[in-house]
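Structure file coords_17.txt (compact mmCIF, C-alpha atoms) is printed below.
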```txt
# COMPACT_ATOMS: atom_id res chain seq x y z
CA MET A 1228 13.89 -14.77 4.61
CA SER A 1229 14.99 -18.18 5.71
CA GLY A 1230 15.14 -20.46 8.70
CA SER A 1231 15.19 -19.05 12.18
CA ALA A 1232 14.80 -15.35 11.26
CA PHE A 1233 11.61 -16.10 9.37
CA HIS A 1234 10.17 -18.05 12.25
CA ARG A 1235 11.24 -15.55 14.86
CA PHE A 1236 9.38 -12.65 13.25
CA ALA A 1237 6.65 -14.61 11.52
CA ASN A 1238 5.11 -15.71 14.81
CA PRO A 1239 1.75 -13.87 15.02
CA GLY A 1240 2.01 -13.22 18.77
CA ARG A 1241 5.49 -11.80 18.39
CA PHE A 1242 4.35 -9.71 15.43
CA LEU A 1243 1.50 -8.22 17.50
CA ARG A 1244 3.94 -7.12 20.21
CA LEU A 1245 6.51 -5.89 17.71
CA ALA A 1246 3.86 -3.91 15.80
CA SER A 1247 2.61 -2.07 18.86
CA THR A 1248 6.17 -0.88 19.66
CA VAL A 1249 7.01 0.05 16.08
CA LEU A 1250 3.74 1.76 15.05
CA PRO A 1251 4.19 5.08 16.94
CA TRP A 1252 7.72 5.46 15.52
CA LEU A 1253 6.49 4.67 12.02
CA ALA A 1254 3.70 7.23 12.39
CA ALA A 1255 6.22 9.90 13.46
CA ALA A 1256 8.60 9.00 10.60
CA THR A 1257 5.76 9.13 8.06
CA ALA A 1258 4.57 12.56 9.23
CA LEU A 1259 8.11 13.96 9.31
CA CYS A 1260 9.05 12.62 5.85
CA PHE A 1261 5.85 13.94 4.28
CA ALA A 1262 6.36 17.38 5.89
CA VAL A 1263 9.97 17.68 4.68
CA GLY A 1264 9.22 15.99 1.34
CA LEU A 1265 6.28 18.29 0.56
CA TYR A 1266 8.33 21.34 1.52
CA PHE A 1267 10.97 20.43 -1.04
CA ALA A 1268 8.46 19.19 -3.63
CA LEU A 1269 6.25 22.29 -3.58
CA PHE A 1270 8.53 25.14 -2.39
CA ALA A 1271 12.25 24.49 -2.23
CA SER A 1272 12.89 23.02 -5.69
CA PRO A 1273 13.23 24.72 -9.08
CA PRO A 1274 10.91 24.33 -12.07
CA ASP A 1275 12.26 22.06 -14.81
CA TYR A 1276 13.72 23.74 -17.92
CA GLN A 1277 11.42 21.66 -20.15
CA GLN A 1278 8.47 20.65 -17.97
CA GLY A 1279 8.22 23.91 -16.04
CA GLU A 1280 6.27 23.61 -12.79
CA THR A 1281 4.65 20.30 -13.85
CA VAL A 1282 7.83 18.56 -12.73
CA ARG A 1283 6.32 18.85 -9.22
CA ILE A 1284 3.77 16.19 -10.21
CA MET A 1285 6.73 13.79 -10.52
CA TYR A 1286 7.40 14.08 -6.79
CA ILE A 1287 4.13 12.33 -6.03
CA HIS A 1288 3.76 10.30 -9.25
CA VAL A 1289 7.10 8.48 -9.18
CA PRO A 1290 7.13 7.60 -5.44
CA ALA A 1291 3.51 6.40 -5.69
CA ALA A 1292 4.41 4.19 -8.67
CA TRP A 1293 7.47 2.77 -6.88
CA ILE A 1294 5.50 1.89 -3.75
CA ALA A 1295 2.63 0.51 -5.85
CA MET A 1296 5.10 -1.97 -7.34
CA PHE A 1297 6.87 -2.63 -4.05
CA ALA A 1298 3.49 -3.33 -2.42
CA TYR A 1299 2.57 -5.77 -5.16
CA GLY A 1300 5.88 -7.58 -4.67
CA TRP A 1301 5.01 -7.78 -0.96
CA VAL A 1302 1.51 -9.13 -1.69
CA GLY A 1303 2.81 -11.62 -4.28
CA LEU A 1304 5.67 -12.97 -2.16
CA ALA A 1305 3.52 -13.17 0.98
CA SER A 1306 0.91 -15.06 -1.07
CA ALA A 1307 3.58 -17.48 -2.31
CA ALA A 1308 4.71 -18.03 1.30
CA ALA A 1309 1.08 -18.59 2.30
CA LEU A 1310 0.57 -21.19 -0.44
CA ILE A 1311 3.87 -23.02 0.19
CA TRP A 1312 4.23 -22.92 3.99
CA ARG A 1313 0.63 -22.21 4.99
CA HIS A 1314 1.96 -19.69 7.46
CA PRO A 1315 -0.88 -17.71 9.09
CA LEU A 1316 1.03 -14.42 9.10
CA ALA A 1317 1.72 -14.60 5.34
CA ASP A 1318 -1.99 -14.58 4.47
CA VAL A 1319 -2.53 -11.64 6.80
CA ALA A 1320 0.42 -9.73 5.29
CA ALA A 1321 -1.00 -10.12 1.78
CA GLU A 1322 -4.55 -9.21 2.76
CA ALA A 1323 -3.46 -6.13 4.74
CA ALA A 1324 -1.18 -4.68 2.05
CA SER A 1325 -3.46 -5.05 -0.94
CA PRO A 1326 -5.68 -1.95 -0.41
CA VAL A 1327 -2.57 0.13 0.38
CA GLY A 1328 -1.00 -0.93 -2.90
CA ALA A 1329 -4.23 -0.29 -4.77
CA VAL A 1330 -4.36 3.29 -3.44
CA PHE A 1331 -0.76 3.99 -4.51
CA THR A 1332 -1.48 2.50 -7.94
CA PHE A 1333 -4.51 4.73 -8.37
CA VAL A 1334 -2.55 7.80 -7.24
CA ALA A 1335 0.21 7.00 -9.76
CA LEU A 1336 -2.34 6.55 -12.57
CA VAL A 1337 -4.22 9.78 -11.81
CA SER A 1338 -1.12 11.94 -11.27
CA GLY A 1339 0.53 10.49 -14.39
CA SER A 1340 -2.57 11.27 -16.37
CA LEU A 1341 -2.65 14.85 -15.03
CA TRP A 1342 0.99 15.28 -16.01
CA GLY A 1343 0.41 13.71 -19.44
CA ARG A 1344 -2.28 16.18 -20.46
CA PRO A 1345 -0.07 19.32 -20.53
CA MET A 1346 3.19 17.51 -21.40
CA TRP A 1347 2.14 14.83 -23.91
CA GLY A 1348 -1.13 16.44 -24.96
CA THR A 1349 -3.20 13.50 -23.76
CA TYR A 1350 -4.49 12.11 -20.48
CA TRP A 1351 -4.04 8.53 -21.57
CA ALA A 1352 -2.36 6.39 -24.20
CA TRP A 1353 -2.62 2.62 -24.61
CA ASP A 1354 1.11 2.15 -24.59
CA ALA A 1355 3.05 -0.63 -22.90
CA ARG A 1356 4.03 1.14 -19.66
CA LEU A 1357 0.60 2.68 -19.04
CA THR A 1358 -1.34 -0.46 -19.96
CA SER A 1359 0.81 -2.79 -17.83
CA PHE A 1360 0.40 -0.34 -14.93
CA LEU A 1361 -3.37 -0.26 -15.39
CA LEU A 1362 -3.25 -4.07 -15.26
CA LEU A 1363 -1.53 -3.74 -11.86
CA PHE A 1364 -4.54 -1.78 -10.60
CA PHE A 1365 -6.91 -4.52 -11.84
CA LEU A 1366 -4.73 -7.19 -10.20
CA TYR A 1367 -5.14 -5.38 -6.88
CA LEU A 1368 -8.91 -5.06 -7.37
CA GLY A 1369 -9.15 -8.75 -8.32
CA HIS A 1370 -7.13 -9.73 -5.26
CA ILE A 1371 -9.35 -7.70 -2.92
CA ALA A 1372 -12.52 -9.00 -4.61
CA LEU A 1373 -11.43 -12.64 -4.32
CA LEU A 1374 -10.57 -12.22 -0.63
CA ASN A 1375 -14.17 -11.21 0.00
CA ALA A 1376 -15.86 -13.48 -2.55
CA PHE A 1377 -16.26 -16.62 -0.43
CA ASP A 1378 -18.07 -17.35 2.81
CA ASP A 1379 -15.20 -19.65 3.63
CA ARG A 1380 -12.34 -17.21 4.42
CA GLN A 1381 -9.66 -19.78 3.77
CA ARG A 1382 -10.97 -20.51 0.28
CA GLY A 1383 -11.02 -16.81 -0.54
CA ARG A 1384 -7.46 -16.40 0.68
CA ARG A 1385 -6.30 -19.39 -1.35
CA SER A 1386 -7.82 -18.12 -4.62
CA ALA A 1387 -6.59 -14.56 -3.98
CA ALA A 1388 -3.09 -15.90 -3.29
CA VAL A 1389 -3.01 -17.82 -6.59
CA LEU A 1390 -4.04 -14.65 -8.48
CA ALA A 1391 -1.44 -12.56 -6.64
CA VAL A 1392 1.39 -15.01 -7.43
CA VAL A 1393 0.45 -15.27 -11.12
CA GLY A 1394 0.21 -11.47 -11.27
CA LEU A 1395 3.85 -11.08 -10.18
CA ILE A 1396 4.75 -11.44 -13.86
CA ASP A 1397 3.37 -7.91 -14.38
CA LEU A 1398 6.17 -6.34 -12.27
CA PRO A 1399 9.08 -7.01 -14.69
CA ILE A 1400 6.77 -6.13 -17.58
CA ILE A 1401 6.08 -2.70 -16.02
CA LYS A 1402 9.75 -2.13 -15.20
CA PHE A 1403 11.10 -3.05 -18.63
CA ALA A 1404 8.15 -1.90 -20.74
CA VAL A 1405 9.99 1.35 -21.50
CA ASP A 1406 13.01 -0.60 -22.82
CA TRP A 1407 11.23 -3.46 -24.60
CA TRP A 1408 8.66 -1.42 -26.48
CA ASN A 1409 8.57 1.95 -28.11
CA THR A 1410 6.48 3.87 -25.59
CA LEU A 1411 5.48 7.42 -24.82
CA HIS A 1412 6.68 7.04 -21.23
CA GLN A 1413 10.26 8.13 -20.58
CA PRO A 1414 12.80 5.46 -19.53
CA ALA A 1415 14.22 5.14 -16.01
CA SER A 1416 16.21 8.15 -14.78
CA VAL A 1417 16.83 7.22 -11.15
CA ILE A 1418 17.20 3.43 -10.79
CA LYS A 1419 19.55 2.66 -13.67
CA MET A 1420 23.12 1.75 -14.56
CA GLY A 1421 25.55 4.58 -13.98
CA GLY A 1422 23.41 6.27 -11.32
CA PRO A 1423 20.61 8.84 -11.46
CA SER A 1424 20.61 11.34 -14.31
CA ILE A 1425 18.64 14.10 -12.60
CA ASP A 1426 19.88 17.09 -10.66
CA ALA A 1427 20.26 16.90 -6.88
CA SER A 1428 17.71 19.71 -6.39
CA MET A 1429 15.07 17.43 -7.97
CA LEU A 1430 16.41 14.13 -6.68
CA ARG A 1431 16.04 15.37 -3.09
CA PRO A 1432 12.22 15.89 -3.08
CA LEU A 1433 11.80 12.69 -5.08
CA LEU A 1434 13.71 10.51 -2.62
CA ILE A 1435 12.24 12.10 0.52
CA MET A 1436 8.71 11.67 -0.85
CA ALA A 1437 9.58 8.06 -1.73
CA LEU A 1438 10.75 7.49 1.84
CA ALA A 1439 7.52 9.08 3.12
CA CYS A 1440 5.40 6.76 0.94
CA GLN A 1441 7.48 3.77 2.05
CA CYS A 1442 6.95 4.66 5.73
CA TYR A 1443 3.24 5.18 5.07
CA PHE A 1444 3.07 1.74 3.44
CA PHE A 1445 4.61 -0.01 6.45
CA LEU A 1446 2.57 2.06 8.93
CA THR A 1447 -0.78 1.33 7.28
CA THR A 1448 0.04 -2.28 6.42
CA PHE A 1449 1.21 -3.11 9.96
CA MET A 1450 -1.90 -1.43 11.42
CA ARG A 1451 -4.11 -3.50 9.13
CA MET A 1452 -2.18 -6.71 9.91
CA ARG A 1453 -2.60 -6.05 13.62
CA ALA A 1454 -6.33 -5.46 13.13
CA LEU A 1455 -6.73 -8.68 11.10
CA LEU A 1456 -4.85 -10.73 13.73
CA LEU A 1457 -6.89 -9.28 16.60
CA GLU A 1458 -10.14 -9.92 14.69
CA ALA A 1459 -9.05 -13.54 14.12
CA ARG A 1460 -8.24 -13.94 17.82
CA GLN A 1461 -11.64 -12.54 18.69
CA ARG A 1462 -13.37 -15.03 16.36
CA THR A 1463 -11.46 -17.88 17.98
CA LEU A 1464 -12.50 -16.68 21.45
CA ALA A 1465 -16.12 -16.38 20.32
CA THR A 1466 -16.31 -19.90 18.90
CA ARG A 1467 -14.48 -21.35 21.90
CA ARG A 1468 -16.98 -19.71 24.25
CA ASN A 1469 -19.95 -20.86 22.18
CA THR A 1470 -18.78 -24.46 22.18
CA ALA A 1471 -17.75 -24.34 25.84
CA ARG A 1472 -20.98 -22.88 27.19
CA PRO A 1473 -23.25 -25.98 27.08
CA ARG A 1474 -20.90 -27.83 29.41
CA ASN A 1475 -21.12 -25.11 32.05
CA VAL A 1476 -24.92 -24.91 31.95
CA ALA A 1477 -26.97 -27.19 34.16
CA PRO A 1478 -28.69 -29.95 32.16
CA VAL A 1479 -32.15 -28.92 31.06
CA ARG A 1480 -34.83 -31.01 32.73
CA GLY A 1481 -36.34 -33.61 30.42
CA ALA A 1482 -33.55 -33.28 27.92
CA MET B 1399 0.90 34.08 -3.24
CA SER B 1400 -1.61 33.81 -6.07
CA GLU B 1401 1.31 33.62 -8.48
CA TYR B 1402 2.64 30.69 -6.48
CA LEU B 1403 -0.77 28.98 -6.50
CA ALA B 1404 -1.03 29.47 -10.27
CA MET B 1405 2.03 27.21 -10.67
CA GLY B 1406 3.08 28.82 -13.93
CA GLY B 1407 -0.31 28.09 -15.47
CA TYR B 1408 -0.29 24.41 -14.50
CA ALA B 1409 -2.34 24.74 -11.29
CA ALA B 1410 -5.19 22.67 -12.74
CA PHE B 1411 -2.85 19.70 -13.12
CA ILE B 1412 -0.53 20.01 -10.14
CA TRP B 1413 -2.97 20.67 -7.28
CA PRO B 1414 -5.41 17.87 -8.20
CA SER B 1415 -2.47 15.41 -8.32
CA TYR B 1416 -1.57 16.25 -4.74
CA GLY B 1417 -5.22 16.56 -3.74
CA VAL B 1418 -6.18 13.07 -4.89
CA ALA B 1419 -3.10 11.60 -3.21
CA ALA B 1420 -3.75 13.44 0.06
CA VAL B 1421 -7.45 12.53 0.23
CA LEU B 1422 -6.92 8.84 -0.57
CA LEU B 1423 -3.95 8.38 1.76
CA VAL B 1424 -5.73 10.12 4.64
CA VAL B 1425 -8.97 8.17 4.09
CA LEU B 1426 -7.15 4.82 3.96
CA PHE B 1427 -5.17 5.69 7.09
CA VAL B 1428 -8.28 6.74 9.02
CA LEU B 1429 -10.20 3.61 7.97
CA SER B 1430 -7.27 1.38 8.97
CA ALA B 1431 -6.83 3.16 12.31
CA ARG B 1432 -10.55 2.89 13.12
CA ARG B 1433 -10.60 -0.79 12.26
CA LEU B 1434 -7.59 -1.41 14.49
CA GLN B 1435 -9.17 0.56 17.35
CA ALA B 1436 -12.42 -1.39 17.00
CA ALA B 1437 -10.52 -4.69 17.08
CA GLU B 1438 -8.51 -3.65 20.14
CA ARG B 1439 -11.63 -2.46 21.97
CA ALA B 1440 -13.61 -5.61 21.15
CA LEU B 1441 -10.82 -7.78 22.51
CA ASP B 1442 -10.53 -5.67 25.68
CA ASP B 1443 -14.27 -6.09 26.29
CA LYS B 1444 -13.90 -9.84 25.85
CA ASP B 1445 -11.07 -9.97 28.36
CA SER B 1446 -12.91 -7.91 30.95
CA GLU B 1447 -15.91 -10.24 30.74
CA GLY B 1448 -13.62 -12.69 32.48
CA ALA B 1449 -13.82 -15.32 29.76
```

Would it be possible to restate this file's structure as structure tokens?
Amino acid sequence: MSGSAFHRFANPGRFLRLASTVLPWLAAATALCFAVGLYFALFASPPDYQQGETVRIMYIHVPAAWIAMFAYGWVGLASAAALIWRHPLADVAAEAASPVGAVFTFVALVSGSLWGRPMWGTYWAWDARLTSFLLLFFLYLGHIALLNAFDDRQRGRRSAAVLAVVGLIDLPIIKFAVDWWNTLHQPASVIKMGGPSIDASMLRPLLIMALACQCYFFLTTFMRMRALLLEARQRTLATRRNTARPRNVAPVRGA
Amino acid sequence: MSEYLAMGGYAAFIWPSYGVAAVLLVVLFVLSARRLQAAERALDDKDSEGA
């Protein structure tokens, strides 16, 4: 985002107003997408000819993994913006999104593991895709830990932002791990040259669930950003009142 | 119905996948919503004190 657009929407006051209008719509969209997505994922889609019913795990595993990576991109880019422009909303955007991304990463790891057991014969393998994705989870945990590690909030945010930006390197590694190394994990079948290579009956639940997870990400992240901004405003009010009070009080005798 | 729930013998892998996702997403949403409500309420109280 550049120039005027960035400044128009990156103003915290404007964001607060925008968020309160958008949140109810996002909540409705999230609920609707999950309802329709789950219907197709669990009822109105066929079993796979090789994977059988376990293909249904893909409808939560793949969207969770996509949003886990999207969320990290969000955290990393917001952190870069915070370090470069010192914009107050950028710090808040990174801090709010991190737990959401961590949850999606964990869901992708657990569901992948539960799919791997019957299909690969193992819950876990130290191969490139799985290991780089586990690293993503630790990057999230490190980011959250650093945010809370210092009494000085600003210092915590600065250190967390540096970690988040450095960690961005993990995203292309995850994406291309299946091409660069010989791994157990299958290569891309949706986002690739020449279009998706899976049947429409399976693409449908996958994409609707992905949309549901994307809506959930924005819903939860915007709620958390709003909370962080309101908490900051409250702290400012509290300190202003504490410093203002002595002037309003009558001088103490003998002081 | 029980045949559906058995998921072709893969019930032990499919339902926990969705279960973990559902529990974590709901818990995170509820925590975020509560935090937002608390922040909104605290600020309303501040305003009504006439500061």

Distance filter 8 Å, all atoms listed in the file, chain B against chain A, as a PyMOL selection string: chain B and resi 1405-1406+1408+1411-1412+1414-1416+1418-1419+1422-1423+1426-1427+1430-1431+1433-1435+1437-1438+1440-1441+1444+1449

Length of the CA of Ala1439 (chain A) to CA of Ala1256 (chain A) vector [Å]: 7.6 Å

Atom pair CA of Ala1437 (chain A) / CA of Ala1317 (chain A): separation (Å):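 Spanning CA of Ala1437 (chain A) to CA of Ala1317 (chain A) is a straight-line distance of 25.0 Å.
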
Nearby residues (all atoms listed in the file) at most 10 Å from Ala1404 (chain A), same-chain spacing under 2 positions excluded, as a PyMOL selection string: chain A and resi 1354-1360+1397-1402+1406-1410+1412+1414

Gap from CA of Ala1292 (chain A) to CA of Tyr1276 (chain A) - Å, one decimal: 23.5 Å

Test item: residues at most 6 Å from region 1383-1392 of chain A, only C-alpha atoms, excluding those fewer than 5 positions along its chain, as a PyMOL selection string: chain A and resi 1303+1306+1370+1373-1374+1377

Exercise on region 1278-1287 of chain A, axis-aligned box with 3 Å per side, report centre and edge lengths in Å to one decimal, as AutoDock Vina command-line options:
```
--center_x 6.1 --center_y 18.1 --center_z -12.0 --size_x 10.7 --size_y 17.6 --size_z 17.9
```

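For Ser1428 (chain A), the list of residues within 9 Å, based on all atoms listed in the file and with local chain neighbours fewer than 3 positions off taken out, reads Phe1267, Ala1271, Ser1272, Pro1273, Ile1425, Arg1431 and Pro1432 of chain A.
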